[in-house]
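Note: the block below is run.cif and it holds mmCIF, C-alpha atoms and all ligand atoms.
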data_start
#
loop_
_atom_site.label_atom_id
_atom_site.label_comp_id
_atom_site.auth_asym_id
_atom_site.auth_seq_id
_atom_site.Cartn_x
_atom_site.Cartn_y
_atom_site.Cartn_z
CA MET F 1 -16.57 -17.20 -17.49
CA PRO F 2 -17.82 -13.82 -16.24
CA ILE F 3 -14.72 -12.02 -17.43
CA LYS F 4 -15.42 -8.87 -19.39
CA THR F 5 -11.90 -8.51 -20.75
CA THR F 6 -10.22 -10.46 -23.52
CA PRO F 7 -8.50 -13.77 -22.73
CA ALA F 8 -5.17 -12.02 -23.31
CA ASP F 9 -6.04 -9.40 -20.66
CA PHE F 10 -7.09 -12.12 -18.30
CA VAL F 11 -3.81 -13.99 -18.74
CA ALA F 12 -1.78 -10.79 -18.38
CA TRP F 13 -3.70 -9.87 -15.25
CA PHE F 14 -3.31 -13.28 -13.70
CA ARG F 15 0.42 -13.26 -14.37
CA SER F 16 0.74 -9.80 -12.84
CA VAL F 17 -0.67 -11.19 -9.60
CA ALA F 18 1.91 -13.99 -9.33
CA PRO F 19 4.55 -11.92 -7.45
CA TYR F 20 1.99 -11.07 -4.76
CA ILE F 21 0.91 -14.69 -4.42
CA ASN F 22 4.53 -15.67 -3.91
CA SER F 23 5.34 -12.95 -1.45
CA PHE F 24 2.15 -13.27 0.64
CA ARG F 25 2.34 -17.03 1.24
CA GLY F 26 2.94 -17.73 4.93
CA LYS F 27 2.59 -14.04 5.87
CA THR F 28 0.31 -12.83 8.66
CA PHE F 29 -2.45 -10.33 7.87
CA VAL F 30 -4.79 -8.85 10.46
CA ILE F 31 -7.98 -7.53 8.85
CA ALA F 32 -10.46 -5.45 10.83
CA PHE F 33 -14.02 -4.54 9.85
CA GLY F 34 -16.95 -3.00 11.69
CA GLY F 35 -20.25 -4.66 12.49
CA GLU F 36 -21.73 -2.51 9.69
CA MET F 37 -20.25 -4.96 7.21
CA VAL F 38 -22.53 -7.68 8.58
CA ALA F 39 -25.49 -5.36 9.26
CA ASP F 40 -25.48 -4.11 5.66
CA GLY F 41 -25.47 -7.64 4.26
CA LYS F 42 -22.14 -7.00 2.55
CA PHE F 43 -20.26 -9.66 4.39
CA VAL F 44 -20.84 -12.45 1.87
CA GLU F 45 -18.56 -10.86 -0.75
CA LEU F 46 -15.93 -10.15 1.87
CA THR F 47 -16.10 -13.80 2.91
CA HIS F 48 -15.22 -14.79 -0.64
CA ASP F 49 -12.14 -12.59 -0.50
CA PHE F 50 -11.07 -13.96 2.89
CA ASN F 51 -11.50 -17.44 1.48
CA LEU F 52 -9.20 -16.57 -1.39
CA LEU F 53 -6.55 -15.12 0.92
CA ALA F 54 -6.68 -18.19 3.15
CA ALA F 55 -6.42 -20.46 0.11
CA LEU F 56 -3.25 -18.64 -0.94
CA GLY F 57 -1.59 -19.61 2.33
CA ILE F 58 -1.95 -16.25 4.09
CA ARG F 59 -2.26 -16.53 7.87
CA LEU F 60 -5.42 -14.61 8.64
CA VAL F 61 -6.66 -12.95 11.79
CA LEU F 62 -10.06 -11.29 11.33
CA VAL F 63 -11.26 -8.76 13.86
CA HIS F 64 -14.92 -7.79 13.80
CA GLY F 65 -16.81 -4.95 15.41
CA ALA F 66 -20.41 -4.84 16.55
CA ARG F 67 -21.26 -1.20 17.10
CA PRO F 68 -24.56 -1.01 15.12
CA GLN F 69 -25.72 -4.28 16.62
CA ILE F 70 -24.90 -3.08 20.15
CA GLU F 71 -26.76 0.16 19.50
CA GLN F 72 -29.76 -1.77 18.23
CA HIS F 73 -29.79 -3.98 21.32
CA LEU F 74 -29.57 -0.97 23.59
CA ALA F 75 -32.39 0.76 21.72
CA THR F 76 -34.75 -2.20 21.92
CA ARG F 77 -34.18 -2.31 25.66
CA ASN F 78 -34.50 1.40 26.06
CA ILE F 79 -31.03 1.73 27.47
CA SER F 80 -29.42 4.99 26.47
CA ASP F 81 -25.99 5.08 24.88
CA SER F 82 -23.48 6.75 27.13
CA TYR F 83 -20.15 8.13 25.94
CA HIS F 84 -17.43 9.93 27.84
CA GLN F 85 -14.81 11.71 25.72
CA GLY F 86 -15.76 9.56 22.76
CA ILE F 87 -15.40 6.30 24.68
CA ARG F 88 -18.44 4.18 25.48
CA LEU F 89 -19.23 3.83 29.15
CA THR F 90 -20.16 0.18 29.63
CA ASP F 91 -22.24 -0.35 32.75
CA ALA F 92 -23.55 -3.79 33.75
CA GLN F 93 -26.74 -3.47 31.70
CA THR F 94 -24.88 -2.25 28.63
CA MET F 95 -22.35 -5.05 29.03
CA GLN F 96 -25.18 -7.55 28.82
CA CYS F 97 -26.23 -6.03 25.48
CA VAL F 98 -22.63 -5.98 24.29
CA LYS F 99 -22.21 -9.68 25.01
CA GLU F 100 -25.43 -10.58 23.24
CA ALA F 101 -24.77 -8.38 20.23
CA VAL F 102 -21.15 -9.50 19.84
CA GLY F 103 -22.18 -13.14 20.22
CA ARG F 104 -24.77 -12.84 17.48
CA VAL F 105 -22.51 -11.05 15.04
CA ARG F 106 -19.82 -13.58 15.64
CA LEU F 107 -22.19 -16.47 14.94
CA GLU F 108 -23.35 -14.85 11.74
CA ILE F 109 -19.76 -14.36 10.58
CA GLU F 110 -18.87 -17.94 11.44
CA ALA F 111 -21.89 -19.17 9.50
CA LEU F 112 -20.92 -17.18 6.42
CA LEU F 113 -17.32 -18.32 6.64
CA SER F 114 -18.60 -21.90 6.65
CA MET F 115 -20.41 -21.64 3.32
CA GLY F 116 -19.33 -24.04 0.65
CA LEU F 117 -21.94 -23.83 -2.08
CA ALA F 118 -21.03 -25.36 -5.38
CA ASN F 119 -20.79 -22.78 -8.18
CA SER F 120 -19.85 -20.05 -5.73
CA PRO F 121 -16.40 -18.70 -4.89
CA MET F 122 -16.73 -20.72 -1.70
CA ALA F 123 -16.98 -24.08 -3.48
CA ASN F 124 -14.48 -26.49 -1.95
CA ALA F 125 -13.61 -23.88 0.66
CA ASP F 126 -12.69 -25.42 3.94
CA ILE F 127 -12.22 -22.55 6.33
CA ARG F 128 -11.88 -23.55 9.97
CA VAL F 129 -12.64 -20.62 12.22
CA ALA F 130 -10.83 -20.43 15.54
CA GLY F 131 -11.93 -18.40 18.53
CA GLY F 132 -10.99 -18.31 22.18
CA ASN F 133 -9.65 -16.36 25.10
CA PHE F 134 -6.75 -14.88 23.17
CA ILE F 135 -7.13 -11.32 24.43
CA THR F 136 -6.49 -10.33 28.03
CA ALA F 137 -8.01 -6.98 28.90
CA GLN F 138 -7.92 -4.46 31.68
CA PRO F 139 -10.41 -1.75 32.58
CA ILE F 140 -9.78 1.72 31.18
CA GLY F 141 -10.70 2.90 34.66
CA VAL F 142 -11.64 6.38 35.71
CA ILE F 143 -11.18 9.27 33.26
CA ASN F 144 -11.76 12.76 34.63
CA GLY F 145 -13.84 11.43 37.46
CA VAL F 146 -15.95 9.10 35.29
CA ASP F 147 -15.58 5.36 35.79
CA LEU F 148 -15.91 3.66 32.41
CA GLN F 149 -16.67 0.40 34.21
CA HIS F 150 -16.63 -2.56 31.78
CA THR F 151 -14.94 -0.65 28.98
CA GLY F 152 -11.43 -1.96 28.65
CA THR F 153 -8.21 -1.97 26.67
CA VAL F 154 -6.03 -4.82 25.49
CA ARG F 155 -3.46 -5.83 28.03
CA LYS F 156 -1.98 -8.94 26.45
CA VAL F 157 -2.39 -11.00 23.32
CA ASP F 158 -1.80 -14.74 23.53
CA VAL F 159 0.59 -14.92 20.61
CA ALA F 160 1.53 -18.56 21.11
CA ALA F 161 -2.11 -19.65 21.04
CA LEU F 162 -2.86 -17.57 17.94
CA ASN F 163 0.19 -18.96 16.17
CA ASP F 164 -0.86 -22.50 17.07
CA ARG F 165 -4.25 -21.96 15.45
CA MET F 166 -2.75 -20.45 12.32
CA GLU F 167 -0.16 -23.23 12.09
CA PHE F 168 -3.10 -25.58 11.72
CA GLY F 169 -4.38 -23.47 8.85
CA GLU F 170 -7.24 -22.04 10.89
CA VAL F 171 -8.54 -18.53 10.37
CA VAL F 172 -8.72 -16.72 13.69
CA LEU F 173 -11.78 -14.57 14.33
CA LEU F 174 -11.41 -12.09 17.17
CA SER F 175 -14.34 -10.28 18.76
CA PRO F 176 -14.02 -6.90 20.45
CA LEU F 177 -14.09 -8.48 23.91
CA GLY F 178 -11.33 -9.34 26.33
CA PHE F 179 -11.07 -11.23 29.56
CA SER F 180 -9.37 -10.42 32.82
CA PRO F 181 -7.52 -12.84 35.09
CA THR F 182 -10.37 -12.35 37.57
CA GLY F 183 -12.83 -13.76 35.03
CA GLU F 184 -14.41 -10.49 33.98
CA VAL F 185 -15.35 -9.61 30.41
CA PHE F 186 -14.43 -6.20 28.98
CA ASN F 187 -15.87 -4.27 26.08
CA LEU F 188 -13.04 -3.32 23.69
CA THR F 189 -12.85 -1.43 20.43
CA LEU F 190 -12.11 -3.34 17.28
CA GLU F 191 -9.25 -0.98 16.41
CA ASP F 192 -7.57 -1.62 19.75
CA VAL F 193 -7.90 -5.40 19.37
CA ALA F 194 -6.69 -5.32 15.75
CA THR F 195 -3.73 -2.99 16.38
CA ALA F 196 -2.56 -4.77 19.54
CA THR F 197 -2.87 -8.15 17.84
CA ALA F 198 -1.01 -7.04 14.71
CA ILE F 199 1.79 -5.65 16.86
CA ALA F 200 1.97 -8.70 19.11
CA LEU F 201 2.06 -11.07 16.13
CA ASP F 202 4.55 -8.84 14.31
CA ALA F 203 2.08 -9.05 11.44
CA ASP F 204 3.05 -8.21 7.88
CA LYS F 205 -0.14 -6.29 7.29
CA LEU F 206 -2.92 -4.66 9.21
CA VAL F 207 -5.97 -3.72 7.14
CA PHE F 208 -8.86 -1.53 8.26
CA LEU F 209 -12.06 -1.50 6.23
CA MET F 210 -13.64 1.88 6.73
CA ASP F 211 -16.46 4.07 5.53
CA THR F 212 -14.38 6.26 3.22
CA ASP F 213 -11.78 5.64 0.54
CA GLY F 214 -8.73 6.59 2.58
CA VAL F 215 -6.74 9.57 3.81
CA LEU F 216 -7.30 12.80 1.87
CA ASP F 217 -5.04 15.76 1.14
CA THR F 218 -6.19 19.38 1.37
CA ASN F 219 -7.74 19.13 -2.11
CA GLU F 220 -9.64 16.06 -0.95
CA ALA F 221 -7.57 13.86 -3.23
CA LEU F 222 -6.70 10.39 -1.98
CA LEU F 223 -3.22 9.99 -0.48
CA LYS F 224 -2.21 6.55 -1.64
CA GLU F 225 0.93 6.11 0.38
CA LEU F 226 2.18 7.69 3.58
CA THR F 227 5.29 7.16 5.64
CA ILE F 228 4.82 7.27 9.40
CA ALA F 229 6.16 10.84 9.40
CA GLN F 230 3.76 11.91 6.65
CA ALA F 231 0.85 10.25 8.43
CA GLN F 232 1.73 12.13 11.61
CA ALA F 233 1.89 15.35 9.61
CA VAL F 234 -1.60 14.67 8.24
CA LEU F 235 -2.94 14.34 11.77
CA THR F 236 -1.24 17.45 13.09
CA ALA F 237 -2.09 19.49 9.97
CA LYS F 238 -5.68 19.20 11.11
CA CYS F 239 -6.86 19.12 7.51
CA ARG F 240 -10.38 17.78 7.78
CA GLN F 241 -10.42 14.03 7.55
CA PRO F 242 -13.35 11.64 7.63
CA ASP F 243 -14.14 10.30 11.14
CA ASP F 244 -12.86 6.85 10.28
CA VAL F 245 -9.51 8.26 9.26
CA ASN F 246 -9.22 10.07 12.58
CA LEU F 247 -9.96 6.77 14.25
CA PHE F 248 -7.78 4.44 12.21
CA LEU F 249 -4.82 6.56 11.10
CA PRO F 250 -3.39 6.82 14.64
CA CYS F 251 -3.71 3.01 14.86
CA ALA F 252 -1.86 2.68 11.56
CA ILE F 253 0.93 4.88 12.91
CA ARG F 254 1.07 2.94 16.17
CA ALA F 255 1.23 -0.39 14.32
CA CYS F 256 3.89 0.69 11.82
CA GLU F 257 6.00 2.28 14.55
CA ALA F 258 5.88 -1.03 16.39
CA GLY F 259 7.09 -2.99 13.36
CA VAL F 260 3.98 -3.96 11.37
CA ALA F 261 5.28 -3.60 7.83
CA ARG F 262 2.22 -2.04 6.21
CA THR F 263 -1.15 -0.78 7.35
CA HIS F 264 -3.89 -0.25 4.79
CA LEU F 265 -6.98 1.93 5.17
CA ILE F 266 -9.50 0.98 2.49
CA SER F 267 -13.17 1.43 1.75
CA ARG F 268 -15.61 -1.21 2.89
CA HIS F 269 -18.07 -0.02 0.26
CA THR F 270 -16.08 -1.15 -2.77
CA ASP F 271 -16.65 -4.77 -3.63
CA GLY F 272 -13.28 -6.55 -3.71
CA ALA F 273 -11.42 -3.61 -2.13
CA VAL F 274 -9.20 -6.01 -0.18
CA LEU F 275 -8.17 -7.80 -3.38
CA GLN F 276 -7.57 -4.57 -5.27
CA GLU F 277 -5.44 -3.21 -2.47
CA LEU F 278 -3.39 -6.34 -1.94
CA PHE F 279 -2.95 -7.63 -5.48
CA SER F 280 -2.09 -4.47 -7.35
CA ASN F 281 0.86 -2.17 -7.18
CA GLU F 282 -1.16 1.02 -6.88
CA GLY F 283 -3.76 -0.35 -4.43
CA ILE F 284 -7.12 1.29 -3.85
CA GLY F 285 -6.83 3.07 -0.49
CA THR F 286 -4.13 4.56 1.71
CA MET F 287 -1.12 2.52 2.73
CA VAL F 288 1.02 3.55 5.70
CA VAL F 289 4.60 2.29 5.70
CA GLU F 290 7.52 2.87 8.01
CA SER F 291 9.64 4.75 5.53
CA THR F 292 9.69 5.46 1.83
CA LEU F 293 9.48 2.53 -0.55
CA ASN F 294 11.63 4.32 -3.12
CA THR F 295 15.25 3.47 -3.75
CA LEU F 296 17.51 5.03 -6.27
CA ARG F 297 20.43 2.76 -7.09
CA ASP F 298 22.85 1.62 -9.78
CA ALA F 299 21.24 -0.79 -12.21
CA SER F 300 22.34 -4.40 -12.45
CA ILE F 301 21.87 -6.97 -15.16
CA GLU F 302 18.68 -8.24 -13.45
CA ASP F 303 17.10 -4.85 -14.08
CA VAL F 304 17.29 -5.07 -17.88
CA GLY F 305 13.77 -6.51 -18.21
CA GLY F 306 12.27 -3.81 -16.01
CA ILE F 307 14.12 -1.02 -17.81
CA LEU F 308 13.02 -2.34 -21.21
CA LYS F 309 9.41 -2.38 -20.02
CA LEU F 310 9.75 1.22 -18.97
CA LEU F 311 11.49 2.42 -22.16
CA ARG F 312 9.47 0.54 -24.79
CA PRO F 313 6.34 2.72 -24.71
CA LEU F 314 8.50 5.85 -24.95
CA GLU F 315 10.47 4.36 -27.83
CA GLU F 316 7.27 3.45 -29.62
CA GLN F 317 6.10 7.05 -29.34
CA GLY F 318 9.44 8.21 -30.73
CA ILE F 319 10.32 10.04 -27.51
CA LEU F 320 13.41 7.90 -26.96
CA VAL F 321 15.70 6.25 -29.48
CA ARG F 322 15.19 2.50 -29.61
CA ARG F 323 17.77 0.40 -27.76
CA SER F 324 18.10 -3.33 -28.16
CA ARG F 325 18.24 -5.63 -25.18
CA GLU F 326 21.86 -6.46 -26.11
CA LEU F 327 22.88 -2.81 -26.08
CA LEU F 328 21.16 -2.31 -22.75
CA GLU F 329 22.89 -5.34 -21.30
CA ARG F 330 26.25 -4.05 -22.49
CA GLU F 331 25.70 -0.59 -21.10
CA ILE F 332 23.82 -1.51 -17.95
CA GLU F 333 26.47 -0.07 -15.64
CA ARG F 334 25.74 3.38 -17.03
CA PHE F 335 22.14 3.13 -15.76
CA VAL F 336 20.52 4.14 -12.52
CA VAL F 337 17.06 2.85 -11.60
CA LEU F 338 14.40 4.22 -9.31
CA GLU F 339 12.50 1.44 -7.60
CA HIS F 340 9.16 1.80 -5.91
CA ASP F 341 8.08 -1.19 -3.87
CA HIS F 342 10.39 -3.46 -5.90
CA HIS F 343 9.07 -2.24 -9.25
CA ILE F 344 11.29 -0.20 -11.57
CA VAL F 345 9.45 3.06 -12.09
CA GLY F 346 12.23 5.28 -13.36
CA CYS F 347 15.68 5.17 -14.94
CA ALA F 348 18.39 7.24 -16.58
CA ALA F 349 21.89 6.69 -17.97
CA LEU F 350 25.05 8.77 -17.80
CA TYR F 351 27.65 8.74 -20.61
CA PRO F 352 30.71 10.72 -19.52
CA PHE F 353 33.09 12.52 -21.92
CA PRO F 354 35.98 13.21 -19.55
CA ASP F 355 38.06 15.09 -22.14
CA GLU F 356 35.36 17.73 -22.39
CA ALA F 357 34.44 17.48 -18.69
CA SER F 358 30.84 16.81 -19.69
CA ALA F 359 28.38 13.94 -19.74
CA GLU F 360 25.29 12.99 -21.66
CA LEU F 361 22.18 12.28 -19.65
CA ALA F 362 20.21 9.70 -21.63
CA CYS F 363 17.13 7.54 -21.27
CA LEU F 364 15.57 9.57 -18.48
CA ALA F 365 12.17 7.93 -18.08
CA VAL F 366 9.48 7.64 -15.42
CA ASP F 367 6.54 5.24 -15.46
CA LEU F 368 3.34 7.06 -16.49
CA GLN F 369 1.58 5.89 -13.35
CA PHE F 370 4.16 7.70 -11.26
CA ARG F 371 4.26 11.03 -13.08
CA ASP F 372 3.89 14.16 -10.98
CA HIS F 373 5.54 12.61 -7.94
CA GLY F 374 8.80 14.48 -8.56
CA TYR F 375 10.51 11.21 -9.51
CA GLY F 376 11.98 12.59 -12.76
CA GLU F 377 13.53 15.40 -10.79
CA ALA F 378 14.90 13.01 -8.17
CA VAL F 379 16.59 10.94 -10.88
CA LEU F 380 17.97 14.07 -12.58
CA ASN F 381 19.43 15.37 -9.31
CA HIS F 382 20.99 12.01 -8.64
CA MET F 383 22.61 11.99 -12.08
CA ILE F 384 23.95 15.49 -11.50
CA GLU F 385 25.55 14.32 -8.27
CA LEU F 386 27.05 11.30 -10.04
CA ALA F 387 28.49 13.53 -12.77
CA LYS F 388 29.93 15.94 -10.20
CA LEU F 389 31.60 13.06 -8.38
CA GLN F 390 33.43 12.27 -11.62
CA GLY F 391 34.66 15.86 -11.77
CA LEU F 392 32.45 16.77 -14.73
CA LYS F 393 31.23 20.31 -15.21
CA LYS F 394 28.42 20.05 -17.75
CA LEU F 395 25.48 17.81 -18.48
CA PHE F 396 23.75 17.66 -21.85
CA VAL F 397 20.69 15.93 -23.23
CA LEU F 398 19.51 15.30 -26.76
CA THR F 399 15.77 15.46 -27.01
CA THR F 400 13.07 15.87 -29.62
CA ARG F 401 9.99 16.07 -27.41
CA THR F 402 10.77 16.97 -23.82
CA ALA F 403 12.58 20.29 -24.27
CA HIS F 404 10.41 22.12 -21.77
CA TRP F 405 10.99 19.77 -18.95
CA PHE F 406 14.74 20.39 -19.25
CA LEU F 407 14.38 24.14 -19.83
CA GLU F 408 12.43 24.38 -16.58
CA ARG F 409 15.31 22.69 -14.82
CA GLY F 410 18.12 25.00 -15.78
CA PHE F 411 19.15 23.56 -19.16
CA VAL F 412 19.68 25.93 -22.07
CA GLU F 413 19.44 25.15 -25.74
CA SER F 414 22.84 24.79 -27.42
CA GLU F 415 24.25 24.19 -30.89
CA VAL F 416 25.19 20.71 -32.06
CA THR F 417 28.71 22.09 -32.47
CA THR F 418 29.04 22.43 -28.70
CA LEU F 419 28.75 18.67 -28.22
CA PRO F 420 31.89 16.68 -27.34
CA ALA F 421 33.76 15.76 -30.53
CA GLN F 422 32.99 12.06 -30.30
CA LYS F 423 29.28 12.70 -29.77
CA LYS F 424 29.16 15.13 -32.66
CA THR F 425 30.29 12.46 -35.10
CA LEU F 426 27.42 10.25 -33.93
CA TYR F 427 24.78 12.99 -34.07
CA ASN F 428 21.79 11.87 -36.11
CA TYR F 429 20.91 14.82 -38.36
CA GLN F 430 17.72 13.11 -39.49
CA ARG F 431 16.31 12.89 -35.99
CA LYS F 432 17.05 16.59 -35.47
CA SER F 433 17.24 16.30 -31.69
CA LYS F 434 17.76 19.52 -29.86
CA VAL F 435 20.73 19.87 -27.57
CA PHE F 436 20.28 21.19 -24.05
CA MET F 437 23.18 21.89 -21.71
CA ARG F 438 23.44 22.69 -18.07
CA LYS F 439 26.43 23.63 -15.94
CA ILE F 440 26.62 21.56 -12.82
N1 LIG F 501 -0.37 -4.55 -3.23
C1 LIG F 501 0.70 -3.98 -2.52
C2 LIG F 501 0.62 -4.40 -1.05
O1 LIG F 501 -0.32 -5.00 -0.63
C3 LIG F 501 0.76 -2.48 -2.65
C4 LIG F 501 -0.47 -1.77 -2.21
C5 LIG F 501 -0.33 -0.28 -2.43
N2 LIG F 501 -1.44 0.41 -1.87
C6 LIG F 501 -1.55 1.74 -1.78
N3 LIG F 501 -2.65 2.23 -1.24
N4 LIG F 501 -0.57 2.52 -2.19
O2 LIG F 501 1.50 -4.16 -0.30
#
Show me, as structure tokens, the structure contained in the file I just sent.
Amino acid sequence: MPIKTTPADFVAWFRSVAPYINSFRGKTFVIAFGGEMVADGKFVELTHDFNLLAALGIRLVLVHGARPQIEQHLATRNISDSYHQGIRLTDAQTMQCVKEAVGRVRLEIEALLSMGLANSPMANADIRVAGGNFITAQPIGVINGVDLQHTGTVRKVDVAALNDRMEFGEVVLLSPLGFSPTGEVFNLTLEDVATATAIALDADKLVFLMDTDGVLDTNEALLKELTIAQAQAVLTAKCRQPDDVNLFLPCAIRACEAGVARTHLISRHTDGAVLQELFSNEGIGTMVVESTLNTLRDASIEDVGGILKLLRPLEEQGILVRRSRELLEREIERFVVLEHDHHIVGCAALYPFPDEASAELACLAVDLQFRDHGYGEAVLNHMIELAKLQGLKKLFVLTTRTAHWFLERGFVESEVTTLPAQKKTLYNYQRKSKVFMRKI
């Protein structure tokens, strides 16, 4: 077994994937990749990943490009590439090359998807590839006096036909070509085909494999998650983005605005990028979603497991006092949880002392992976609001290790004697926690 980790890691990893397997079954994913994937000989690995997705019951539409192959065909025939405002002008001669190049790439992809070698990830694979006249196109027409001829855009997607194919468990492979009711063929871009198809199918995911890792911030750090509004801000901020991002991010926005739940921009250069993006919480590239995936809400008894998972490491380091599951269950209504994409990533509890018009803020914790996102602050502010609603005037915390965090947020160190009477009697003099108070 070529697994470098321990068996325990393997089991833990496999179990962690179970929620994704459950939630992806029967869902529709549109995955788009350029002809480079095939030209670079990288498509075999990607095939293995598609095979896995199909085997898990995901309805797959693959959209391929053919740009390098078209360019090669044009070059061997000495036909020069002609672009107008970044869009290829497809004259009759070029269209001939486009048809040939797209046809070849498609055949190659179909061949690779048909592999079934024993001892390979494709053993026992039984992928049926469907193709057909699913995309109706129309000419782009004349732009600033230049007729783009056979270059087109998607006009209609035959949703019923695509659904029929997927109902039969077939994987649909779309080429960047479309047909017109007059029998003409049009040269389309893969991003147009993929976006229009994802929208028409009301797909759950649209994935673009691109040359770079994802969308970058001004420090060139990867932005892992963007709402539509944030994605629009990235584009208008004009902070330099890789070409692929400029190409695919507007498509991601268009798709998400039209109801596609999530669009992912990931690197085509990382082996298994699709799997890493889909089967982990943090992903590997940039994910665009309609609106924030965070919810701050009162905890319920079902959250006890998640809260315990969050608190245990902090308890083990002595940052928080250990709480048993029973205690947590009993006091669950005092807790608030911060969820990110259905995972509990933060929590806190409020213990009011109405006689003293104050409350203790306890168990404030944020998952390590989500530090520096301002989540701790969001939870704190929420707790302040909750305390105010109960007419309380002061909030206090007992802490041994996180004094600074509270000092920076308006808390001041206070004597143990200032604690509410009932709390004072419970104060653990061995632990020597410091008391920090804040007026609210
Ligand atoms: N695996 C999850 C999904 O497919 C989350 C992916 C998160 N990705 C990211 N780039 N933030 O929806």
Contacts with ligand LIG 501 (chain F) at most 10 Å, only C-alpha atoms and all ligand atoms counted, listed as a VMD selection string:
chain F and resid 17 19 to 20 23 to 24 204 to 205 207 213 to 215 222 to 226 261 to 266 274 to 289 340 to 341
List every protein, DNA or RNA residue with an atom no more than 7 Å from (13.9, 0.1, -2.4) in the file's coordinates, counting all atoms listed in the file, and format the result as a PyMOL selection string.
chain F and resi 293-295+339-342
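Distances to Thr153 (chain F) were evaluated for F:Arg165, F:Lys99, F:Lys27, F:Arg88 using all atoms listed in the file, and the minimum falls at F:Arg88.
Distances from F:Arg330, F:Arg67, F:His48, F:Lys439 to Leu112 (chain F) were compared using all atoms listed in the file, and the smallest one belongs to F:His48.
Here CA of Arg240 (chain F) is placed at a distance of 15.2 Å from CA of Asp211 (chain F).
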For Cys256 (chain F), work out the shell of residues within 10 Å, counting all atoms listed in the file and skipping chain neighbours fewer than 2 positions away, then give it as an MDAnalysis selection string.
chainID F and resid 195 198:199 202:206 227:228 250:254 258:263 288:291
Nearest residue to Val98 (chain F) out of F:Ala12, F:Leu188, F:Ala55, F:Ala160, using all atoms listed in the file?
F:Leu188
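One distance worth recording is that between CA of Arg104 (chain F) and CA of Leu173 (chain F), which is 13.5 Å.
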In terms of the shortest atom-to-atom distance over only C-alpha atoms, which of F:Leu190, F:Ala161, F:Ala229, F:Ile70 is closest to Ala32 (chain F)?
F:Leu190
Given the point (-13.6, -4.8, 7.9) in the coordinates of this file, which residues lie within 8 Å, counting all atoms listed in the file, and how would they look as a PDB file with C-alpha atoms, keeping the file's coordinate frame?
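In the end it all went to part_18.pdb:
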ATOM      1  CA  ILE F  31      -7.980  -7.530   8.850  1.00  0.00           C
ATOM      2  CA  ALA F  32     -10.460  -5.450  10.830  1.00  0.00           C
ATOM      3  CA  PHE F  33     -14.020  -4.540   9.850  1.00  0.00           C
ATOM      4  CA  GLY F  34     -16.950  -3.000  11.690  1.00  0.00           C
ATOM      5  CA  MET F  37     -20.250  -4.960   7.210  1.00  0.00           C
ATOM      6  CA  VAL F  63     -11.260  -8.760  13.860  1.00  0.00           C
ATOM      7  CA  HIS F  64     -14.920  -7.790  13.800  1.00  0.00           C
ATOM      8  CA  VAL F 207      -5.970  -3.720   7.140  1.00  0.00           C
ATOM      9  CA  PHE F 208      -8.860  -1.530   8.260  1.00  0.00           C
ATOM     10  CA  LEU F 209     -12.060  -1.500   6.230  1.00  0.00           C
ATOM     11  CA  MET F 210     -13.640   1.880   6.730  1.00  0.00           C
ATOM     12  CA  ARG F 268     -15.610  -1.210   2.890  1.00  0.00           C
TER      13      ARG F 268
END
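Minimum atom-to-atom distances from F:Ala101, F:Asp243, F:Leu392, F:Val61 to Ala75 (chain F) were compared using all atoms listed in the file, and the lowest value belongs to F:Ala101.
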Please put the answer as JSON: centre and edge lengths, in Å with one decimal, of a box along x, y and z that encloses all listed atoms of region 110-122 of chain F plus 6 Å on each side.
{"center_x": -19.2, "center_y": -21.3, "center_z": 1.6, "size_x": 17.5, "size_y": 20.2, "size_z": 31.6}
Could you tell me how far CA of His150 (chain F) sits from CA of Asp91 (chain F), in Å to one decimal place?
6.1 Å
Would you list the contacts of Gly346 (chain F) as a tab-separated table (two decimals) with C-alpha atoms, in the frame of the given file, taking every protein, DNA or RNA residue within 6 Å and counting only C-alpha atoms, but skipping same-chain residues closer than 4 positions in sequence?
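Generated file (around_19.tsv):
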chain	number	residue	atom	x	y	z
F	337	VAL	CA	17.06	2.85	-11.60
F	338	LEU	CA	14.40	4.22	-9.31
F	365	ALA	CA	12.17	7.93	-18.08
F	366	VAL	CA	9.48	7.64	-15.42
